[in-house]
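Worksheet: one structure, shown below.
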Amino acid sequence: MQVAIYTLGCKVNQYETAAMEQELVRRGHTLTDFESTADAYIINTCSVTAISDKKSRQMIRRAKKRNPQAVVAACGCYVQTHTEEAEGLGIDLISGTGQRMEFLDLLEKAVSANRCIVHVDEALRRREFEVLPAGGMVSRTRAMLKVEDGCTNFCTYCIIPYARGPVRSEPLEEAVRQTEELRRSGYREIVITGIEISSYGKDLKDGTTLIDLLEKVCAAAGDLRVRLGSLEPRTITEDFCRRAAALPNLCPHFHLSMQSGCDKTLKDMNRRYDTERFYESVALLREYFDRPAITTDLITGFPGETEENFAQTLAFIRKCDFAAMHVFPYSIRPGTPAAKREQVEMSVREARAHEAAAVAAQMHREYLEGCVGKTYPILFEQTHGDYYTGHAPNYMEVAVEGEDLHNRVLPVEITRTDGQRLYGAVKEEN
């Protein structure tokens, strides 16, 4: 049958969609565009915010409208946490966030079923890590390697622990095996991903941590670049930095999850660090790596955030001098403790986000300006008009004039920036 998939949300969802695509093709099915007429539609949903819930419902309705005779199946965080609500949407198959291969078994059965199949487990009872095919179907440039699932941080604004369950880690030897397979398949970069990769190994009970995994994966990757996903700041210790800096193929790009630069707000969020500990991580990375790209996320207008609290955040992000930031106004996530608190007006949340984003844009421009004159190995990925674009190890986007550069890693001398990306010229190889 022809199957179309639409993915919302995080890199883990993208990874799991890519794994399902590979398995569907292996089973003899054909993948098609979501806007085309298909025999089955899969919506891999997200529930990180109420807006994500709304988008998930919209895509389910769009699939049903696209072909009323098709099987419409939904998996992911929204249908895991809002199963009864999802049943009211007339979906043929509902299967949450667990066991993606079993979900595809049920999809094939749903074609001949005359009823809605609901197969949603209790996420908090999960204990096993489901090993899925790594890589993807579209490109051989960059592959994601999911090494962890679940989270037990229970931040007051987040529903993900209830959607994904406790921490489960991929066995180290399996991660190494998949890395070797990705290298043989022609990928040039591997991104280590998971719901909370900083928690890798906590469930293994043998002392294994993320840096142990990273050393093994980098060794197995050979000349492939290895990039880390989002990190909890407390991961960054002297030992972590010393060992990570010794890995020649590890990209010097570290995304530290921050959310606020005010200690009171961090405490209200139930984050497990304060600004002093966060800045310690920033300083350690800059001590061990040459001009690393340190990036982060920021939520503005969290319940209880005052103008003084926000001013502290602005001062702190300037102190950290991030290479890039994702800035979001707080979005109410029903079912979380923060949703029950007195809310900051949306206009205030958005105004603060706009102000913080302006500071972030200036820091980003300054970081890019510091790259001009340097030479970086660029992994080329796609065309943009007259340019071919790719990413440097620090994840800054680089554009050059050229063609037929896809999936090649070439040295590029950076000549200028427009504040959004870098521009340069490929250096002739001797």
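Identifiers in this document derive from the order of the structure tokens: chains are assigned A, B, ..., residues are numbered from 1 separately in each chain, and ligands are numbered from 1 in order of occurrence.
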
- Task: Just the residues within 7 Å of region 189-206 of chain A, please, counting only C-alpha atoms, with nothing from its chain fewer than 5 positions along; format it as a ChimeraX atom specification.
- Result: /A:12,141-151,167-169,224-229,231-232,235

Could you give me, as CSV, a per-residue list for region 183-217 of chain A showing, wherever an atom lies at most 9 Å from an atom of region 238-243 of chain A, the closest pair of atoms and their distance in Å to one decimal, using only C-alpha atoms and sorting by chain then residue number from low to high?
residue,atom,partner,partner_atom,distance
A:Leu210,CA,A:Phe240,CA,8.8
A:Ile211,CA,A:Phe240,CA,6.2
A:Glu215,CA,A:Arg243,CA,7.9

Using N, CA, C and O atoms, can you write the selected residues to a file as a short mmCIF file (atom, residue, chain, number, x, y, z; two decimals), in the first residue's frame?
data_model
loop_
_atom_site.label_atom_id
_atom_site.label_comp_id
_atom_site.auth_asym_id
_atom_site.auth_seq_id
_atom_site.Cartn_x
_atom_site.Cartn_y
_atom_site.Cartn_z
N LEU A 210 27.04 9.14 29.52
CA LEU A 210 27.03 9.66 28.15
C LEU A 210 28.45 9.76 27.57
O LEU A 210 28.65 9.44 26.40
N ILE A 211 29.42 10.17 28.36
CA ILE A 211 30.77 10.31 27.82
C ILE A 211 31.36 8.94 27.46
O ILE A 211 32.12 8.82 26.49
N GLU A 215 32.61 8.21 23.60
CA GLU A 215 33.94 7.70 23.23
C GLU A 215 33.82 6.49 22.31
O GLU A 215 34.55 6.38 21.31
#

- Near Tyr376 (chain A), counting only C-alpha atoms, which residues have an atom at most 10 Å away, once you skip same-chain residues fewer than 6 positions from it, shown as a ChimeraX atom specification? /A:391-394,398,409-414,424,426-427

Would you mind exporting N, CA and C atoms of the selected residues as a compact mmCIF listing (two decimals), in the first residue's frame?
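Writing done, so here's out28.txt:
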# COMPACT_ATOMS: atom_id res chain seq x y z
N HIS A 391 26.93 22.72 6.64
CA HIS A 391 27.20 23.16 8.00
C HIS A 391 28.65 22.88 8.40
N ALA A 392 29.20 23.83 9.14
CA ALA A 392 30.51 23.67 9.73
C ALA A 392 30.39 22.78 10.96
N PRO A 393 31.49 22.30 11.52
CA PRO A 393 31.41 21.51 12.75
C PRO A 393 30.67 22.24 13.88
N ASN A 394 30.77 23.58 13.92
CA ASN A 394 30.07 24.34 14.95
C ASN A 394 28.59 24.56 14.63
N VAL A 398 26.79 27.48 6.13
CA VAL A 398 27.77 28.09 5.22
C VAL A 398 27.29 27.91 3.79
N VAL A 409 32.53 16.73 2.06
CA VAL A 409 33.11 17.57 3.11
C VAL A 409 34.34 18.24 2.53
N LEU A 410 34.26 19.58 2.41
CA LEU A 410 35.34 20.33 1.77
C LEU A 410 35.76 21.52 2.62
N PRO A 411 37.03 21.90 2.57
CA PRO A 411 37.48 23.07 3.32
C PRO A 411 36.98 24.35 2.67
N VAL A 412 36.41 25.22 3.49
CA VAL A 412 35.87 26.48 2.98
C VAL A 412 36.43 27.63 3.81
N GLU A 413 37.00 28.62 3.11
CA GLU A 413 37.45 29.83 3.78
C GLU A 413 36.28 30.81 3.86
N ILE A 414 35.96 31.24 5.07
CA ILE A 414 34.82 32.13 5.28
C ILE A 414 35.23 33.56 4.95
N GLY A 424 31.47 31.77 1.85
CA GLY A 424 32.89 31.56 1.64
C GLY A 424 33.18 30.92 0.30
N VAL A 426 35.33 27.50 -1.54
CA VAL A 426 36.02 26.23 -1.34
C VAL A 426 37.50 26.41 -1.67
N LYS A 427 38.32 25.98 -0.75
CA LYS A 427 39.77 26.06 -0.97
C LYS A 427 40.23 24.91 -1.83

Shell of 9 Å around region 78-93 of chain A, only C-alpha atoms, local chain residues under 6 positions omitted, as a short mmCIF file (atom, residue, chain, number, x, y, z; two decimals) with N, CA and C atoms, in the first residue's frame:
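Generated output (around10.cif):
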data_model
loop_
_atom_site.label_atom_id
_atom_site.label_comp_id
_atom_site.auth_asym_id
_atom_site.auth_seq_id
_atom_site.Cartn_x
_atom_site.Cartn_y
_atom_site.Cartn_z
N ASN A 44 2.62 11.38 13.15
CA ASN A 44 3.46 11.21 14.33
C ASN A 44 3.34 12.50 15.14
N THR A 45 2.53 12.47 16.19
CA THR A 45 2.07 13.68 16.86
C THR A 45 3.02 14.17 17.94
N CYS A 46 2.78 15.42 18.36
CA CYS A 46 3.58 16.07 19.40
C CYS A 46 2.62 16.68 20.43
N SER A 47 3.11 16.77 21.68
CA SER A 47 2.27 17.34 22.73
C SER A 47 3.07 18.23 23.66
N VAL A 48 4.16 18.81 23.16
CA VAL A 48 5.01 19.61 24.04
C VAL A 48 4.31 20.88 24.51
N SER A 52 0.99 22.45 19.97
CA SER A 52 1.36 21.19 19.33
C SER A 52 0.17 20.24 19.25
N ASP A 53 -0.64 20.20 20.32
CA ASP A 53 -1.86 19.40 20.30
C ASP A 53 -2.77 19.83 19.16
N SER A 56 -1.49 18.76 15.82
CA SER A 56 -1.67 17.32 15.65
C SER A 56 -3.10 17.01 15.20
N ARG A 57 -4.08 17.65 15.85
CA ARG A 57 -5.48 17.44 15.47
C ARG A 57 -5.73 17.91 14.04
N ILE A 60 -4.45 15.37 11.53
CA ILE A 60 -5.31 14.19 11.50
C ILE A 60 -6.55 14.47 10.65
N ARG A 61 -7.15 15.62 10.86
CA ARG A 61 -8.34 15.99 10.08
C ARG A 61 -7.99 16.18 8.61
N LYS A 64 -7.81 12.77 6.95
CA LYS A 64 -9.14 12.18 6.74
C LYS A 64 -9.86 12.85 5.57
N VAL A 71 -6.82 4.56 5.60
CA VAL A 71 -6.60 4.30 7.01
C VAL A 71 -5.80 5.47 7.59
N VAL A 72 -6.32 6.08 8.64
CA VAL A 72 -5.63 7.18 9.30
C VAL A 72 -5.14 6.69 10.67
N PHE A 103 3.39 -1.01 16.08
CA PHE A 103 2.44 -0.05 15.49
C PHE A 103 2.27 -0.33 14.00
N LEU A 106 0.07 -3.30 13.44
CA LEU A 106 -1.34 -2.93 13.63
C LEU A 106 -1.85 -2.11 12.45
N LEU A 107 -0.98 -1.30 11.85
CA LEU A 107 -1.39 -0.52 10.68
C LEU A 107 -1.82 -1.44 9.55
N ALA A 110 -5.13 -2.80 10.38
CA ALA A 110 -6.20 -1.80 10.37
C ALA A 110 -6.82 -1.62 8.99
N VAL A 111 -6.08 -1.99 7.95
CA VAL A 111 -6.59 -1.87 6.59
C VAL A 111 -7.87 -2.68 6.41
N ALA A 113 -9.72 -3.89 9.11
CA ALA A 113 -10.57 -3.80 10.31
C ALA A 113 -11.70 -2.81 10.08
N ASN A 114 -12.80 -3.03 10.75
CA ASN A 114 -13.96 -2.14 10.64
C ASN A 114 -14.20 -1.40 11.95
N ARG A 115 -13.15 -1.23 12.72
CA ARG A 115 -13.28 -0.54 14.00
C ARG A 115 -11.98 0.20 14.31
N CYS A 116 -12.07 1.10 15.24
CA CYS A 116 -10.87 1.83 15.68
C CYS A 116 -10.03 0.92 16.58
N ILE A 117 -8.76 0.80 16.26
CA ILE A 117 -7.83 0.02 17.09
C ILE A 117 -7.09 0.99 18.01
N VAL A 118 -7.20 0.77 19.31
CA VAL A 118 -6.49 1.60 20.29
C VAL A 118 -5.49 0.72 21.01
N HIS A 119 -4.21 1.09 20.87
CA HIS A 119 -3.15 0.29 21.47
C HIS A 119 -2.16 1.24 22.16
N VAL A 120 -2.54 1.71 23.33
CA VAL A 120 -1.73 2.67 24.08
C VAL A 120 -1.41 2.09 25.45
N ASP A 121 -0.13 1.98 25.75
CA ASP A 121 0.28 1.42 27.02
C ASP A 121 0.39 2.53 28.09
N GLU A 122 0.82 2.15 29.28
CA GLU A 122 1.07 3.12 30.34
C GLU A 122 2.56 3.45 30.32
N ALA A 123 2.87 4.66 29.83
CA ALA A 123 4.26 5.03 29.58
C ALA A 123 5.15 4.92 30.80
N ILE A 159 5.09 17.96 29.93
CA ILE A 159 4.30 16.73 30.05
C ILE A 159 5.03 15.51 29.51
N TYR A 162 5.37 12.02 31.19
CA TYR A 162 4.14 11.22 31.18
C TYR A 162 3.88 10.61 29.80
N ALA A 163 4.41 11.26 28.77
CA ALA A 163 4.22 10.77 27.40
C ALA A 163 5.27 9.73 27.01
N ARG A 164 6.46 9.84 27.57
CA ARG A 164 7.58 8.99 27.15
C ARG A 164 8.02 7.98 28.19
#

- Spatial neighbours of Glu355 (chain A), max dist 12 Å, only C-alpha atoms, sep filter under 6 positions, as a PyMOL selection string: chain A and resi 298+300-301+310-311+313-314+317+327-329+348-349+361-362

- Message: Can you pull out the residues contacting His29 (chain A)? Cut-off 12 Å, using only C-alpha atoms, and skip same-chain residues under 2 positions away; I want them as a ChimeraX atom specification.
- Response: /A:1-4,20-27,31-32,38-40,104,107-108

Output file for the residues above (C-alpha atoms, as a compact mmCIF listing (two decimals), in the first residue's frame):
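Result went into out_31.txt, see below:
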# COMPACT_ATOMS: atom_id res chain seq x y z
CA MET A 1 0.00 0.00 0.00
CA GLN A 2 0.97 3.65 -0.38
CA VAL A 3 1.76 5.26 2.96
CA ALA A 4 2.22 8.96 3.76
CA MET A 20 9.19 3.50 10.32
CA GLU A 21 9.82 4.61 6.73
CA GLN A 22 12.69 2.15 6.40
CA GLU A 23 10.60 -0.67 7.84
CA LEU A 24 7.60 0.11 5.61
CA VAL A 25 9.80 -0.04 2.52
CA ARG A 26 11.37 -3.29 3.75
CA ARG A 27 7.87 -4.75 4.06
CA LEU A 31 6.10 5.93 0.59
CA THR A 32 4.31 8.94 -0.83
CA ALA A 38 -2.52 7.52 -0.07
CA ASP A 39 -3.92 4.24 1.22
CA ALA A 40 -2.74 5.02 4.73
CA LEU A 104 3.25 -0.93 11.87
CA LEU A 107 -1.39 -0.52 10.68
CA GLU A 108 -1.40 -3.44 8.27

- Taking the backbone alone, and naming residues the way the document does, which bits of region 99-192 of chain A are strand (DSSP E) by DSSP, as a VMD selection string? chain A and resid 117 to 118 142 to 149 168 to 169 189 to 192

Now that the selection is made, can you save its residues with N, CA and C atoms as an mmCIF file, in the first residue's frame?
data_model
loop_
_atom_site.group_PDB
_atom_site.id
_atom_site.type_symbol
_atom_site.label_atom_id
_atom_site.label_comp_id
_atom_site.auth_asym_id
_atom_site.auth_seq_id
_atom_site.Cartn_x
_atom_site.Cartn_y
_atom_site.Cartn_z
ATOM 1 N N ILE A 117 -8.759 0.803 16.265
ATOM 2 C CA ILE A 117 -7.835 0.023 17.091
ATOM 3 C C ILE A 117 -7.087 0.988 18.011
ATOM 4 N N VAL A 118 -7.202 0.772 19.307
ATOM 5 C CA VAL A 118 -6.495 1.602 20.286
ATOM 6 C C VAL A 118 -5.489 0.722 21.007
ATOM 7 N N ARG A 142 23.332 13.312 6.818
ATOM 8 C CA ARG A 142 23.356 13.309 8.279
ATOM 9 C C ARG A 142 22.347 12.293 8.788
ATOM 10 N N ALA A 143 22.770 11.463 9.723
ATOM 11 C CA ALA A 143 21.887 10.450 10.308
ATOM 12 C C ALA A 143 21.722 10.720 11.794
ATOM 13 N N MET A 144 20.539 10.427 12.306
ATOM 14 C CA MET A 144 20.310 10.514 13.742
ATOM 15 C C MET A 144 20.436 9.122 14.345
ATOM 16 N N LEU A 145 21.040 9.079 15.516
ATOM 17 C CA LEU A 145 21.180 7.830 16.255
ATOM 18 C C LEU A 145 20.518 8.032 17.617
ATOM 19 N N LYS A 146 19.383 7.407 17.805
ATOM 20 C CA LYS A 146 18.663 7.531 19.076
ATOM 21 C C LYS A 146 19.257 6.542 20.073
ATOM 22 N N VAL A 147 19.758 7.063 21.180
ATOM 23 C CA VAL A 147 20.418 6.215 22.166
ATOM 24 C C VAL A 147 19.684 6.172 23.494
ATOM 25 N N GLU A 148 18.609 6.979 23.622
ATOM 26 C CA GLU A 148 17.923 7.070 24.917
ATOM 27 C C GLU A 148 16.478 7.478 24.692
ATOM 28 N N ASP A 149 15.612 7.046 25.587
ATOM 29 C CA ASP A 149 14.212 7.466 25.560
ATOM 30 C C ASP A 149 13.778 7.731 26.999
ATOM 31 N N ARG A 168 15.253 5.032 29.465
ATOM 32 C CA ARG A 168 15.720 3.732 28.949
ATOM 33 C C ARG A 168 16.854 4.004 27.969
ATOM 34 N N SER A 169 17.945 3.297 28.146
ATOM 35 C CA SER A 169 19.145 3.536 27.336
ATOM 36 C C SER A 169 19.390 2.394 26.358
ATOM 37 N N GLU A 189 27.802 12.355 8.871
ATOM 38 C CA GLU A 189 27.668 12.893 10.223
ATOM 39 C C GLU A 189 26.580 12.133 10.968
ATOM 40 N N ILE A 190 26.796 11.923 12.267
ATOM 41 C CA ILE A 190 25.825 11.257 13.125
ATOM 42 C C ILE A 190 25.436 12.216 14.244
ATOM 43 N N VAL A 191 24.140 12.354 14.472
ATOM 44 C CA VAL A 191 23.641 13.186 15.563
ATOM 45 C C VAL A 191 23.120 12.270 16.666
ATOM 46 N N ILE A 192 23.711 12.376 17.858
ATOM 47 C CA ILE A 192 23.270 11.584 19.002
ATOM 48 C C ILE A 192 22.022 12.231 19.581
#

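Between Thr415 (chain A) and the candidates A:Pro334, A:Gly370, A:Gly28, A:Gly390, the tightest atom-to-atom separation, counting only C-alpha atoms, involves A:Gly370.
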
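Considering the residues A:Ala220, A:Val131, A:Met325, A:Leu250 and counting only C-alpha atoms, Ala353 (chain A) has its shortest atom-to-atom contact with A:Met325.
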
- Message: Just want the 9 Å neighbourhood of Arg341 (chain A), counted on only C-alpha atoms, with same-chain residues fewer than 2 positions away dropped. Output as a PyMOL selection string.
- Response: chain A and resi 303-304+337-339+343

- Task: Just give me the gap between CA of Gly335 (chain A) and CA of Gln312 (chain A) in Å, one decimal is fine.
- Result: 28.6 Å

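Interatomic distance, CA of Lys374 (chain A) to CA of Arg188 (chain A): 21.7 Å.
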
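Distance check against Thr208 (chain A) using only C-alpha atoms: of A:Cys262, A:Leu172, A:Leu368, A:Leu422, the minimum falls on A:Leu172.
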
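Proximity ranking of A:Thr336, A:Pro248, A:His384, A:Arg408 relative to Phe154 (chain A) places A:Thr336 first, based on only C-alpha atoms.
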
- List every residue of region 33-256 of chain A that DSSP, applied to the backbone of this structure, assigns to alpha helix (DSSP H), and report them as a PyMOL selection string. chain A and resi 50-66+77-81+83-87+100-110+160-164+172-184+210-221+238-245

- Give me, please, the distance in Å between CA of Asp321 (chain A) and CA of Phe278 (chain A), quoted to one decimal. 12.7 Å
